[in-house]
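*Asks:* Dropping the structure in here first, questions after.
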Amino acid sequence: MDKDLKKVVILLAHPNMKESQANKALTDAVKDMDEVAVYNLYELHNESTFNVDEWSKIISHAAAVIYQFPFYWMSAPSLLKKWQDEVFTYLAKTPAVAGKPLMVVTTTGSEFEAYRSGGRNRFTVDELLRPYQVGAIHAGMVWQTPIIAYGMGTTDAAKNIAEGANLYRQKVERLIGTENSGNNW
């Protein structure tokens, strides 16, 4: 499972990647990069708990961690939360994650305008992602500006996916090239 211990570890939490267009395109934009390992939690998790020792080795060797998921009810699918509860809770108390960048990459069904103060959802995605940011800060990680591909349920979905995939690849290239410089892109 260690995938040769890469610099950038992507924890993909999508319960149905076979049906996904957006998260598949985002993953495809970065998975071929030499220093990237994508771990699909829904494909890997077949036991009642995550193996903390195995994950500790993977995350300890990484230079950056990315949570990638579709935005479900203003959060990630439940298996990422389970991974956080079982693995990240332990890692946050160790030097394994300290100083490492943490970034969220997510997709929304609704358009950008829905995630505004006066929009249909009342809050920005940045506001709704605060628990992930606080978790990163609490663990001594360096929070990165999230990548959000909006409007997967709109006519602009293909354009938004392409822009998100391009931005994702650029940011991962920077993470690989900077190795913990702490820059927030």
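Every chain in the structure tokens takes a letter, A first, then B, and so on in the order presented; its residues are numbered from 1, and the ligands are numbered from 1 following the presented order.
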Sort by chain and increasing residue number a table of all residues of region 97-155 of chain A within 12 Å of region 20-43 of chain A, each with its closest pair of atoms and their distance in Å to one decimal, counting only C-alpha atoms, and write it as CSV.
*Replies:*
residue,atom,partner,partner_atom,distance
A:Val105,CA,A:Leu26,CA,8.7
A:Thr106,CA,A:Asn23,CA,7.9
A:Thr107,CA,A:Ala22,CA,7.1
A:Thr108,CA,A:Ala22,CA,9.4
A:Gly109,CA,A:Ala22,CA,10.0
A:Ile147,CA,A:Leu26,CA,10.3
A:Ile148,CA,A:Leu26,CA,10.6
A:Ala149,CA,A:Ala22,CA,8.1
A:Tyr150,CA,A:Ala22,CA,9.8
A:Gly151,CA,A:Ala22,CA,10.0
A:Met152,CA,A:Ala22,CA,7.1
A:Gly153,CA,A:Ala22,CA,10.4
*Asks:* Write the residues of the selection above to a file with C-alpha atoms, as a PDB file, in the first residue's frame.
*Replies:*
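The resulting file, part08.pdb, is shown below:
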ATOM      1  CA  VAL A 105      -9.474  19.630  -3.344  1.00  0.00           C
ATOM      2  CA  THR A 106     -13.232  19.362  -3.718  1.00  0.00           C
ATOM      3  CA  THR A 107     -16.092  19.559  -6.194  1.00  0.00           C
ATOM      4  CA  THR A 108     -19.548  21.016  -5.707  1.00  0.00           C
ATOM      5  CA  GLY A 109     -22.791  20.368  -7.500  1.00  0.00           C
ATOM      6  CA  ILE A 147      -9.044  24.030  -4.928  1.00  0.00           C
ATOM      7  CA  ILE A 148     -12.771  24.053  -5.526  1.00  0.00           C
ATOM      8  CA  ALA A 149     -14.329  22.972  -8.822  1.00  0.00           C
ATOM      9  CA  TYR A 150     -17.810  24.463  -8.662  1.00  0.00           C
ATOM     10  CA  GLY A 151     -20.938  23.683 -10.627  1.00  0.00           C
ATOM     11  CA  MET A 152     -20.754  19.990 -11.460  1.00  0.00           C
ATOM     12  CA  GLY A 153     -24.524  20.031 -11.828  1.00  0.00           C
TER      13      GLY A 153
END
*Asks:* Taking the backbone alone, and naming residues the way the document does, which bits of region 109-163 of chain A are strand (DSSP E or B) by DSSP, as number ranges by chain?
*Replies:* A: 142-143, 147-149
*Asks:* With only C-alpha atoms as the atoms that count, which of A:Pro146, A:Pro101, A:Pro131, A:Arg169 lies nearest to Lys81 (chain A)?
*Replies:* A:Pro131
*Asks:* Between A:Asp126, A:Glu86, A:Asp156, A:Glu173, which has the minimum distance to Trp55 (chain A) (counting only C-alpha atoms)?
*Replies:*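 Of all the options, A:Glu86 lies closest to Trp55 (chain A).
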*Asks:* May I ask for the distance between CA of Lys82 (chain A) and CA of Ala64 (chain A), given in Å to one decimal place?
*Replies:* 20.0 Å
*Asks:* Residues within 9 Å of region 92-100 of chain A, please, as a ChimeraX atom specification. Count only C-alpha atoms; anything in the same chain fewer than 5 positions from it doesn't count.
*Replies:* /A:56-57,59-65,87,135-136,138-143,179-182
*Asks:* Using C-alpha atoms, can you export the residues from the last selection as a JSON list (two decimals), in the first residue's frame?
*Replies:*
[["chain", "number", "residue", "atom", "x", "y", "z"],
["A", 56, "SER", "CA", 1.96, 6.59, 9.78],
["A", 57, "LYS", "CA", 4.74, 5.33, 7.54],
["A", 59, "ILE", "CA", 2.33, 10.16, 5.90],
["A", 60, "SER", "CA", 5.69, 10.43, 7.70],
["A", 61, "HIS", "CA", 7.52, 10.10, 4.37],
["A", 62, "ALA", "CA", 5.24, 12.52, 2.53],
["A", 63, "ALA", "CA", 6.08, 16.18, 2.05],
["A", 64, "ALA", "CA", 2.42, 17.21, 1.60],
["A", 65, "VAL", "CA", -1.06, 15.76, 2.13],
["A", 87, "VAL", "CA", -5.28, 7.94, 11.82],
["A", 135, "GLY", "CA", -7.36, 20.43, 12.13],
["A", 136, "ALA", "CA", -4.32, 21.31, 10.04],
["A", 138, "HIS", "CA", -3.90, 22.09, 15.45],
["A", 139, "ALA", "CA", -1.55, 19.44, 14.02],
["A", 140, "GLY", "CA", 1.09, 22.05, 13.12],
["A", 141, "MET", "CA", 0.50, 21.69, 9.39],
["A", 142, "VAL", "CA", 0.53, 24.51, 6.84],
["A", 143, "TRP", "CA", -2.96, 25.10, 5.44],
["A", 179, "GLU", "CA", 9.16, 20.52, -0.30],
["A", 180, "ASN", "CA", 7.68, 22.17, 2.79],
["A", 181, "SER", "CA", 8.62, 25.76, 2.05],
["A", 182, "GLY", "CA", 5.41, 26.76, 3.77]]
*Asks:* Rounded to one decimal, what separation in Å do you get between CA of His14 (chain A) and CA of Gly177 (chain A)?
*Replies:*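 Result for CA of His14 (chain A) versus CA of Gly177 (chain A): 27.4 Å, one decimal.
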*Asks:* With only C-alpha atoms as the basis for distance, which of A:Ala165, A:Leu44, A:Met74, A:Leu102 is at the shortest distance from Val134 (chain A)?
*Replies:* A:Leu102
*Asks:* Name the residues of chain A that fall into helix (DSSP H, G or I) according to DSSP on the backbone, using the chain letters and numbers of this document, as a ChimeraX atom specification.
*Replies:* /A:17-19,22-30,41-44,52-61,78-91,112-114,125-128,130-138,157-178
*Asks:* Give me, please, the distance in Å between CA of Asn160 (chain A) and CA of Ile137 (chain A), quoted to one decimal.
*Replies:* 29.3 Å
